[in-house]
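**Q** The structure follows.
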Amino acid sequence: MLMVALVMAATIFAQEEPKLTAKPSGRILFDAAYINPQHQEDELKSGVGIPDMRVGVGFTYGQWKGKIDMGYAYGKVNMKDVWLQYDFDKENFVRGGYFIHQYGFQSSTSSSFKETMEEPQSNAVFNNDRMIGLMYEHSENKFLATASVVVETDAMKQTTDQIGNEAIGAMTRLLYRPYAERGKMFQVGISGGIEGARYSSKEELNHKQFTLATRWPTRVAKVNSQEALVTDAKTLYKFSPEIMYSYGRFAIIGQYYLNNITRDNNLESFVGSGAYVTLRTLVKGREYSPNMNDGGIATPDPGNMELCLQYNYTSLSDHTAGIYGGYLNDWALCYNFYPNKYMIWRVRASWTKVTNRSGFADNEVSILETRLQVKF
């Protein structure tokens with residue numbers, strides 16, 4: 001009897017012990033672009049490139065999961081996602097590490113899965129890239145809520161004896177989605193955040209500045225289209241409402257950004273703003289479906305074809321603060337083909353105009369580019 005009891009106990013323990021599973025992952029982007037600037041001052045040139053290549057691994061162990069992702073682009077190695085997550089249940093988890101924290105609709109897809117090939121410039125400048133931090137998420141049928149505490153981006157690149165006391169911040173995204181089913185989606189949300197002034201290699205600017213910048217919409221040439229250096233900075237407050245509606249094969253997404261940076265020495269605060277609107281339609285395929293965990297639209301089904309039209313406006317000039325980073329207007333038309341679950345082919349045509357840039361002439365740039373994306 002004792003032997004039988006021991007065998008039964010060992011069997012139950014073996015059944016309860018979770019299994020560690022690991023899965024390799026990766027992606028490669030192949031880009032080609034024809035770039036036609038009105039003026040050559042921005043040094044924009046046509047060509048080809050592999051702007052992103054990643055190799056990583058994801059793992060699960062019971063209620064634990066994690067990811068490690070390394071990027072290789074233009075001869076440089078850099079860290080992408082590195083995080084560990086604990087799932088309390090199907091609706092709640094906490095994630096810690098280095099990753100993109102939820103802030104607005106664009107948080108629902110990674111940089112390579114933007115439906116218009118490149119993310120809106122307003123999101124690139126007013127949102128953050130990956131940051132070390134801790135994020136809690138609650139996601140159910142009609143609601144999604146996140147709360148994050150973060151440290152500045154340079155904390156991943158340098159130690160505190162170089163950076164100094166690291167700037168900290170907090171952000172949240174709150175989303176209400178009364179309809180979240182295949183072929184019928186509607187959601188409204190609001191995001192907000194607060195951050196301390198950022199690191200600078202110049203001692204007189206260290207943790208007394210924010211540099212807000214965005215590039216011309218191509219990765220073949222990485223050239224800034226706007227840049228605003230906000231000196232004597234204290235605290236950044238940011239706010240972003242969003243809306244998404246989709247019915248059948250049509251979808252519309254809109255988001256607004258407002259960033260306010262308070263300053264020392266009786267200087268006026270700097271205010272930057274931006275917005276984008278995206279229209280999407282499946283020219284081959286029946287309907288869009290929701291991405292519940294990330295609060296967005298899932299990648300269309302294999303075999304689908306899609307057209308997207310996007311308008312983006314970004315302001316980094318504030319005359320009351322005496323800072324002129326530029327006004328940007330961008331129109332983009334994109335065709336996407338999803339031949340299978342591992343590949344995407346995109347073609348993008350865009351026209352971008354930037355004015356009111358301190359030290360730079362106004363410029364207009366037309367770009368025609370294509371990308372073959374492989375993900376495994």
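Residues are named by chain letter and number: chains run A, B, ... in the order of the structure tokens, numbers start at 1 in each chain, and ligands are numbered from 1 in the order shown.
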Where in region 16-135 of chain A does DSSP assign strand (DSSP E or B), given as a PyMOL selection string?
**A** chain A and resi 20-37+47-61+64-73+76-87+92-99+131-135
**Q** Which polymer residues have any atom within 7 Å of an atom of region 302-311 of chain A, counting only C-alpha atoms, with same-chain residues fewer than 4 positions away left out, as a list in words?
**A**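 Contacts, with the query itself left out: Thr116, Tyr276, Val277, Thr278, Leu279, Arg280, Thr281, Leu282, Val283, Lys284, Gly285, Asp330, Trp331, Ala332, Leu333, Cys334, Tyr335, Asn336, Phe337, Tyr338, Pro339, Asn340 and Lys341 of chain A.
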**Q** With only C-alpha atoms as the basis for distance, which of A:Thr214, A:Ser108, A:Ser240, A:Ser246 is at the shortest distance from Tyr179 (chain A)?
**A**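 Between A:Thr214, A:Ser108, A:Ser240, A:Ser246, the residue approaching Tyr179 (chain A) most closely is A:Ser246.
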**Q** From the options A:Lys157, A:Arg346, A:Lys208, A:Lys238, which residue's atoms come nearest to Arg173 (chain A), counting only C-alpha atoms?
**A**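 For Arg173 (chain A), the nearest of the candidates is A:Lys238.
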**Q** Using only C-alpha atoms for the distances, tell me which of A:Thr146, A:Ser289, A:Thr314, A:Gln40 is nearest to Leu212 (chain A).
**A**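 Among the listed residues, the smallest separation from Leu212 (chain A) belongs to A:Thr314.
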**Q** Quick one: residues within 8 Å of region 358-368 of chain A, only C-alpha atoms, excluding same-chain residues fewer than 6 positions away - as a PyMOL selection string?
**A** chain A and resi 33-39+41+218+323-326+347-352
**Q** Taking only C-alpha atoms into account, name the residue in A:Val149, A:Met156, A:Met117, A:Leu328 that is nearest to Asp81 (chain A).
**A**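 Answer, going by the shortest atom-to-atom distance: A:Met156.
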**Q** Identify, on the basis of only C-alpha atoms, every residue whose closest approach to region 233-235 of chain A does not exceed 10 Å; exclude the query and any residue fewer than 5 positions from it along the same chain; express the result as a ChimeraX atom specification.
**A** /A:167,169,194-198,205-210,260-265,267,269-270
**Q** From a DSSP calculation on the backbone, collect every residue of region 26-201 of chain A in alpha helix (DSSP H) and output the set as a short mmCIF file (atom, residue, chain, number, x, y, z; two decimals) with all heavy atoms, in the first residue's frame.
**A**
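For reference, result-v8.cif as written:
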data_model
loop_
_atom_site.label_atom_id
_atom_site.label_comp_id
_atom_site.auth_asym_id
_atom_site.auth_seq_id
_atom_site.Cartn_x
_atom_site.Cartn_y
_atom_site.Cartn_z
N GLN A 121 4.43 59.87 -37.81
CA GLN A 121 5.50 60.65 -37.18
C GLN A 121 5.08 61.21 -35.83
O GLN A 121 5.91 61.36 -34.93
CB GLN A 121 5.92 61.80 -38.10
CG GLN A 121 6.68 61.34 -39.34
CD GLN A 121 5.76 61.21 -40.54
OE1 GLN A 121 4.58 60.88 -40.40
NE2 GLN A 121 6.27 61.47 -41.72
N SER A 122 3.80 61.52 -35.66
CA SER A 122 3.34 62.05 -34.37
C SER A 122 3.52 61.02 -33.26
O SER A 122 3.88 61.37 -32.13
CB SER A 122 1.87 62.49 -34.47
OG SER A 122 1.07 61.46 -35.01
N ASN A 123 3.32 59.75 -33.57
CA ASN A 123 3.55 58.72 -32.55
C ASN A 123 5.04 58.54 -32.30
O ASN A 123 5.47 58.35 -31.15
CB ASN A 123 2.94 57.39 -32.98
CG ASN A 123 3.06 56.33 -31.90
OD1 ASN A 123 2.34 56.35 -30.92
ND2 ASN A 123 3.99 55.40 -32.06
N ALA A 124 5.85 58.62 -33.36
CA ALA A 124 7.29 58.44 -33.20
C ALA A 124 7.89 59.50 -32.29
O ALA A 124 8.83 59.22 -31.53
CB ALA A 124 7.97 58.47 -34.57
N VAL A 125 7.37 60.72 -32.33
CA VAL A 125 7.97 61.81 -31.57
C VAL A 125 7.34 61.98 -30.18
O VAL A 125 8.03 62.34 -29.22
CB VAL A 125 7.92 63.13 -32.36
CG1 VAL A 125 6.51 63.65 -32.49
CG2 VAL A 125 8.81 64.18 -31.73
N PHE A 126 6.04 61.70 -30.04
CA PHE A 126 5.37 61.96 -28.77
C PHE A 126 5.19 60.72 -27.91
O PHE A 126 4.72 60.81 -26.78
CB PHE A 126 4.01 62.63 -29.02
CG PHE A 126 4.13 64.00 -29.64
CD1 PHE A 126 3.48 64.30 -30.82
CD2 PHE A 126 4.91 64.97 -29.05
CE1 PHE A 126 3.59 65.56 -31.40
CE2 PHE A 126 5.04 66.24 -29.61
CZ PHE A 126 4.37 66.53 -30.79
N THR A 160 24.66 54.17 -14.18
CA THR A 160 24.30 55.40 -13.48
C THR A 160 25.50 56.29 -13.18
O THR A 160 25.34 57.50 -12.98
CB THR A 160 23.59 55.06 -12.16
OG1 THR A 160 24.43 54.18 -11.38
CG2 THR A 160 22.26 54.40 -12.41
N ASP A 161 26.72 55.73 -13.17
CA ASP A 161 27.88 56.60 -12.98
C ASP A 161 28.11 57.49 -14.19
O ASP A 161 28.79 58.51 -14.10
CB ASP A 161 29.13 55.77 -12.68
CG ASP A 161 29.42 54.75 -13.77
OD1 ASP A 161 28.66 53.76 -13.87
OD2 ASP A 161 30.37 54.95 -14.54
N GLN A 162 27.51 57.13 -15.33
CA GLN A 162 27.57 57.96 -16.53
C GLN A 162 26.33 58.84 -16.66
O GLN A 162 26.41 60.02 -16.99
CB GLN A 162 27.72 57.08 -17.78
CG GLN A 162 29.00 56.26 -17.81
CD GLN A 162 28.99 55.26 -18.95
OE1 GLN A 162 28.10 54.41 -19.05
NE2 GLN A 162 29.98 55.35 -19.81
N ILE A 163 25.16 58.24 -16.41
CA ILE A 163 23.89 58.95 -16.58
C ILE A 163 23.61 59.89 -15.41
O ILE A 163 23.12 60.99 -15.59
CB ILE A 163 22.72 57.94 -16.71
CG1 ILE A 163 22.88 57.09 -17.95
CG2 ILE A 163 21.38 58.67 -16.75
CD1 ILE A 163 21.84 56.01 -18.08
#
**Q** If you measure from CA of Phe105 (chain A) to CA of Leu44 (chain A), what distance in Å do you get, rounded to one decimal?
**A**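 Here the two named atoms are 29.7 Å from each other.
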